[in-house]
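Trainee: Can you read through this structure? Questions will come right after.
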Amino acid sequence: MHVLVIGAAGTTGRLVVQSLAENIQHHVKAMVRKTDQMAEMEQLGARPVLADLEQDFSYAMNDVNAVIFAAGSGSSTGPEKTTSVDRNGAIKAIDLAVSHGINRFVMLSSMGADRPDAGPELMQHYLQAKHDADAHLMKSGLTYTIIRPGALTNEAGSGKIDAAPQLADRTKSIARADVAGVLVQSLLAHETESRIFEIIEGDVPIAEALKKI
Ligand SMILES: NC(=O)c1ccc[n+]([C@@H]2O[C@H](COP(=O)([O-])OP(=O)(O)OC[C@H]3O[C@@H](n4cnc5c(N)ncnc54)[C@H](OP(=O)(O)O)[C@@H]3O)[C@@H](O)[C@H]2O)c1
């Protein structure tokens, strides 16, 4: 597939780019917003495109047939950026995928985005933004996969996860490397089409876990 990674220079995004570039079944286009991030994307084996979710980025969607959304405004910015990037930026990306005839869309969402009002008060605005983007994707007509991880860590990936539409254990975390593995492997795993599921660290190899989703 020809895959656009949005948020490609992020901590998870660059692991996604690396994994896609190592897979001969994929060509990867890496959307970054700073010129000094372009060389690293080329070194990883991606074609960089300079674009910003808060501006016109429709040109970034040319020549691809799948999108992985791994961008996020982060916790150091305020609620306006959460709305502008995590909610509106994601919704714009979904609409652009539709208008460009790109059928496959894999969204990095968050555990708790199904019920924002049940989350910790400080997280509710963020979870609502993720919820709204996910809801828009579900109604878009695209072939979607919505992945909702627990808290992310920078530990080495194990290649193994626990995945289910609703996990009983909501306290465990997951390595970004394993989240990247799930995002990339979902692209070609038909069992994940039109599915929303939660992931945390676990004992089941990613490919096997995705088959049972
Ligand atoms: N942290 C957690 O525990 C957790 C849990 C569940 C889900 N998530 C979700 O996982 C995703 C990735 O998390 P992460 O920690 O790997 O992210 P990260 O390292 O903060 O990276 C986010 C990326 O998004 C990019 N970005 C921000 N604003 C943008 C804009 N306006 N246009 C284009 N790109 C923009 C950033 O660009 P720059 O490099 O230019 O800054 C950065 O590369 C996020 O969507 C987050 O909501 C996180």
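We label chains A, B, ... in the order they appear in the structure tokens, count residues from 1 in each chain, and number ligands from 1 in the order shown.
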Taking only C-alpha atoms and all ligand atoms into account, list the residues no farther than 7 Å from ligand 1, as a PyMOL selection string.
Mentor: chain A and resi 6-13+32-34+51-54+70-74+85-86+108-111+148-153+176
Trainee: As a list in words, please: the residues near A:Ser158 (cut-off 9 Å, only C-alpha atoms, same-chain neighbours under 2 positions excluded).
Mentor: Ala156, Lys160, Ile161, Ala175, Ala177, Asp178, Glu201, Gly202, Asp203 and Pro205 of chain A
Trainee: Find the residues around stretch 122-129 of chain A up to 12 Å (only C-alpha atoms counted), leave out those fewer than 4 positions away in its own chain, and share them as a PDB file with C-alpha atoms, in the first residue's frame.
Mentor:
```pdb
ATOM      1  CA  GLY A  72      -1.486  14.606  18.604  1.00  0.00           C
ATOM      2  CA  SER A  73      -1.148  18.037  20.144  1.00  0.00           C
ATOM      3  CA  GLY A  74       0.477  16.592  23.299  1.00  0.00           C
ATOM      4  CA  SER A  75      -0.027  17.457  26.936  1.00  0.00           C
ATOM      5  CA  THR A  77      -0.377  22.660  24.910  1.00  0.00           C
ATOM      6  CA  GLY A  78      -3.806  23.925  25.965  1.00  0.00           C
ATOM      7  CA  PRO A  79      -7.367  22.834  25.148  1.00  0.00           C
ATOM      8  CA  GLU A  80      -7.544  25.018  21.992  1.00  0.00           C
ATOM      9  CA  LYS A  81      -4.751  22.950  20.369  1.00  0.00           C
ATOM     10  CA  THR A  82      -6.485  19.739  21.442  1.00  0.00           C
ATOM     11  CA  THR A  83      -9.609  20.906  19.604  1.00  0.00           C
ATOM     12  CA  SER A  84      -7.669  22.222  16.632  1.00  0.00           C
ATOM     13  CA  VAL A  85      -5.311  19.235  16.124  1.00  0.00           C
ATOM     14  CA  ASP A  86      -6.730  16.113  17.804  1.00  0.00           C
ATOM     15  CA  ARG A  87     -10.366  16.836  16.872  1.00  0.00           C
ATOM     16  CA  ASN A  88     -10.557  19.202  13.888  1.00  0.00           C
ATOM     17  CA  GLY A  89      -7.264  18.102  12.279  1.00  0.00           C
ATOM     18  CA  ALA A  90      -8.312  14.450  12.429  1.00  0.00           C
ATOM     19  CA  ILE A  91     -11.782  15.249  11.066  1.00  0.00           C
ATOM     20  CA  SER A 109      -7.263   6.872  19.318  1.00  0.00           C
ATOM     21  CA  SER A 110      -7.150   6.373  23.089  1.00  0.00           C
ATOM     22  CA  MET A 111      -8.639   4.128  25.722  1.00  0.00           C
ATOM     23  CA  GLY A 112     -11.464   6.147  27.290  1.00  0.00           C
ATOM     24  CA  ALA A 113     -12.518   7.850  24.042  1.00  0.00           C
ATOM     25  CA  ASP A 114     -15.721   5.771  24.066  1.00  0.00           C
ATOM     26  CA  ARG A 115     -16.918   7.526  27.263  1.00  0.00           C
ATOM     27  CA  PRO A 116     -15.157  10.880  27.731  1.00  0.00           C
ATOM     28  CA  ASP A 117     -17.348  11.889  30.679  1.00  0.00           C
ATOM     29  CA  ALA A 118     -16.294   8.761  32.601  1.00  0.00           C
ATOM     30  CA  ALA A 133     -12.823  12.241  15.556  1.00  0.00           C
ATOM     31  CA  ASP A 134     -13.576   8.524  15.980  1.00  0.00           C
ATOM     32  CA  ALA A 135     -17.327   9.120  15.558  1.00  0.00           C
ATOM     33  CA  HIS A 136     -16.674  11.103  12.360  1.00  0.00           C
ATOM     34  CA  ARG A 148      -7.487   2.625  21.529  1.00  0.00           C
TER      35      ARG A 148
END
```
Trainee: Given only C-alpha atoms as the basis, pick out the residue of A:Met31, A:Val184, A:Ala164, A:Ala39 nearest to A:Lys212.
Mentor: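 Among the listed residues, the smallest separation from A:Lys212 belongs to A:Ala164.
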Trainee: Excluding A:Leu183 and its own-chain neighbours fewer than 6 positions away, which residues fall within 12 Å of it when counting only C-alpha atoms? Please give them as an mmCIF file with N, CA and C atoms, in the first residue's frame.
Mentor:
```cif
data_model
loop_
_atom_site.group_PDB
_atom_site.id
_atom_site.type_symbol
_atom_site.label_atom_id
_atom_site.label_comp_id
_atom_site.auth_asym_id
_atom_site.auth_seq_id
_atom_site.Cartn_x
_atom_site.Cartn_y
_atom_site.Cartn_z
ATOM 1 N N VAL A 3 1.115 4.519 1.869
ATOM 2 C CA VAL A 3 0.533 4.945 3.143
ATOM 3 C C VAL A 3 1.038 6.327 3.555
ATOM 4 N N VAL A 5 1.541 8.676 6.625
ATOM 5 C CA VAL A 5 1.561 8.694 8.090
ATOM 6 C C VAL A 5 1.474 10.149 8.541
ATOM 7 N N THR A 12 5.505 7.821 18.492
ATOM 8 C CA THR A 12 4.913 6.623 17.894
ATOM 9 C C THR A 12 5.032 6.684 16.375
ATOM 10 N N GLY A 13 4.796 7.874 15.811
ATOM 11 C CA GLY A 13 4.776 8.033 14.347
ATOM 12 C C GLY A 13 6.051 7.566 13.689
ATOM 13 N N LEU A 15 8.113 5.325 14.688
ATOM 14 C CA LEU A 15 8.175 3.855 14.743
ATOM 15 C C LEU A 15 7.262 3.244 13.677
ATOM 16 N N VAL A 16 6.155 3.930 13.408
ATOM 17 C CA VAL A 16 5.241 3.492 12.340
ATOM 18 C C VAL A 16 5.945 3.617 10.988
ATOM 19 N N VAL A 17 6.597 4.768 10.779
ATOM 20 C CA VAL A 17 7.309 4.999 9.513
ATOM 21 C C VAL A 17 8.378 3.933 9.309
ATOM 22 N N SER A 19 8.617 0.942 10.607
ATOM 23 C CA SER A 19 8.039 -0.383 10.375
ATOM 24 C C SER A 19 7.481 -0.508 8.954
ATOM 25 N N LEU A 20 6.837 0.541 8.461
ATOM 26 C CA LEU A 20 6.289 0.513 7.098
ATOM 27 C C LEU A 20 7.422 0.442 6.081
ATOM 28 N N ALA A 66 -3.850 4.782 1.611
ATOM 29 C CA ALA A 66 -4.176 4.508 3.018
ATOM 30 C C ALA A 66 -3.579 5.613 3.885
ATOM 31 N N VAL A 67 -4.219 5.834 5.032
ATOM 32 C CA VAL A 67 -3.741 6.850 5.980
ATOM 33 C C VAL A 67 -3.630 6.211 7.367
ATOM 34 N N ILE A 68 -2.520 6.482 8.041
ATOM 35 C CA ILE A 68 -2.419 6.174 9.477
ATOM 36 C C ILE A 68 -2.302 7.507 10.198
ATOM 37 N N PHE A 69 -3.245 7.783 11.103
ATOM 38 C CA PHE A 69 -3.243 9.045 11.858
ATOM 39 C C PHE A 69 -2.621 8.798 13.220
ATOM 40 N N ALA A 70 -1.407 9.348 13.432
ATOM 41 C CA ALA A 70 -0.708 9.160 14.717
ATOM 42 C C ALA A 70 -0.285 10.495 15.300
ATOM 43 N N ARG A 104 -8.703 3.392 2.915
ATOM 44 C CA ARG A 104 -8.296 2.770 4.191
ATOM 45 C C ARG A 104 -7.788 3.826 5.169
ATOM 46 N N PHE A 105 -8.315 3.811 6.396
ATOM 47 C CA PHE A 105 -7.936 4.821 7.394
ATOM 48 C C PHE A 105 -7.769 4.139 8.746
ATOM 49 N N VAL A 106 -6.559 4.220 9.288
ATOM 50 C CA VAL A 106 -6.279 3.631 10.598
ATOM 51 C C VAL A 106 -6.015 4.768 11.585
ATOM 52 N N MET A 107 -6.800 4.802 12.636
ATOM 53 C CA MET A 107 -6.762 5.911 13.608
ATOM 54 C C MET A 107 -6.143 5.459 14.929
ATOM 55 N N LEU A 108 -5.135 6.201 15.386
ATOM 56 C CA LEU A 108 -4.614 5.996 16.740
ATOM 57 C C LEU A 108 -5.452 6.847 17.682
ATOM 58 N N SER A 109 -6.365 6.187 18.391
ATOM 59 C CA SER A 109 -7.263 6.872 19.318
ATOM 60 C C SER A 109 -6.738 6.668 20.744
ATOM 61 N N TYR A 144 -12.378 1.662 8.048
ATOM 62 C CA TYR A 144 -11.601 2.193 9.167
ATOM 63 C C TYR A 144 -11.167 1.108 10.145
ATOM 64 N N THR A 145 -10.123 1.437 10.902
ATOM 65 C CA THR A 145 -9.766 0.688 12.108
ATOM 66 C C THR A 145 -9.443 1.741 13.160
ATOM 67 N N ILE A 146 -10.074 1.632 14.324
ATOM 68 C CA ILE A 146 -9.836 2.588 15.407
ATOM 69 C C ILE A 146 -9.189 1.835 16.564
ATOM 70 N N ILE A 147 -7.972 2.258 16.904
ATOM 71 C CA ILE A 147 -7.177 1.544 17.902
ATOM 72 C C ILE A 147 -7.057 2.415 19.145
ATOM 73 N N ARG A 148 -7.453 1.845 20.285
ATOM 74 C CA ARG A 148 -7.487 2.625 21.529
ATOM 75 C C ARG A 148 -6.543 2.024 22.567
ATOM 76 N N PRO A 149 -5.295 2.530 22.603
ATOM 77 C CA PRO A 149 -4.347 1.984 23.573
ATOM 78 C C PRO A 149 -4.505 2.577 24.965
ATOM 79 N N ARG A 176 5.043 2.032 22.879
ATOM 80 C CA ARG A 176 4.733 2.658 21.579
ATOM 81 C C ARG A 176 5.125 1.750 20.411
ATOM 82 N N ALA A 177 6.206 0.976 20.596
ATOM 83 C CA ALA A 177 6.649 0.085 19.515
ATOM 84 C C ALA A 177 5.563 -0.942 19.189
ATOM 85 N N ALA A 189 -4.797 -6.510 7.719
ATOM 86 C CA ALA A 189 -5.552 -7.543 8.447
ATOM 87 C C ALA A 189 -7.045 -7.248 8.277
ATOM 88 N N THR A 192 -9.626 -6.516 11.030
ATOM 89 C CA THR A 192 -9.675 -5.247 11.774
ATOM 90 C C THR A 192 -10.512 -4.187 11.058
ATOM 91 N N PHE A 197 -11.056 -1.224 18.772
ATOM 92 C CA PHE A 197 -10.629 -2.099 19.866
ATOM 93 C C PHE A 197 -9.562 -1.444 20.728
ATOM 94 N N ILE A 199 -6.139 -1.801 23.261
ATOM 95 C CA ILE A 199 -4.934 -2.634 23.360
ATOM 96 C C ILE A 199 -4.111 -2.221 24.587
ATOM 97 N N ILE A 206 0.941 -10.050 18.075
ATOM 98 C CA ILE A 206 0.046 -9.046 17.478
ATOM 99 C C ILE A 206 -0.810 -9.651 16.350
ATOM 100 N N ALA A 207 -0.171 -10.373 15.440
ATOM 101 C CA ALA A 207 -0.920 -10.902 14.277
ATOM 102 C C ALA A 207 -2.062 -11.807 14.734
ATOM 103 N N LEU A 210 -4.922 -9.762 16.342
ATOM 104 C CA LEU A 210 -5.740 -9.034 15.360
ATOM 105 C C LEU A 210 -6.695 -9.966 14.620
#
```
Trainee: Among stretch 24-147 of chain A, which residues carry a DSSP assignment of strand (DSSP E or B), reported as an MDAnalysis selection string?
Mentor: chainID A and resid 27:32 47:50 66:69 104:108 143:147
Trainee: So how many Å separate atom CA of A:Leu96 and atom CA of A:Asp56, to one decimal?
Mentor: 10.3 Å
Trainee: Report as an MDAnalysis selection string all protein, DNA and RNA residues lying within 12 Å of A:Ile24, evaluated on only C-alpha atoms, omitting residues in the same chain fewer than 4 positions from it.
Mentor: chainID A and resid 1:2 18:20 28 45
Trainee: How far is it from atom CA of A:Leu187 to atom CA of A:Gln55, in Å with one decimal?
Mentor: 26.8 Å
Trainee: If we count only C-alpha atoms, what is near stretch 61-64 of chain A at a cut-off of 7 Å, once residues fewer than 3 positions away on the same chain are taken out, given as a list in words?
Mentor: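 Final neighbour list, sorted by chain and number: His2, Val3, Leu4, Ser58, Ala97, His100 and Ile102 of chain A.
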Trainee: Could you check which of A:Glu193, A:Asp169, A:Asp132, A:Asp162 is closest to A:Glu208, using only C-alpha atoms?
Mentor: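 With only C-alpha atoms as the atom set, the closest residue is A:Asp162.
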Trainee: Taking only C-alpha atoms into account, name the residue in A:Lys172, A:Lys139, A:His26, A:Lys130 that is nearest to A:Val98.
Mentor: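 Distance minimum relative to A:Val98 lands on A:Lys139.
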Trainee: Counting only C-alpha atoms, figure out which residue out of A:Thr171, A:Asn65, A:Ser99, A:Ser140 gets nearest to A:Ile200.
Mentor: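 For A:Ile200, the nearest of the given residues is A:Thr171.
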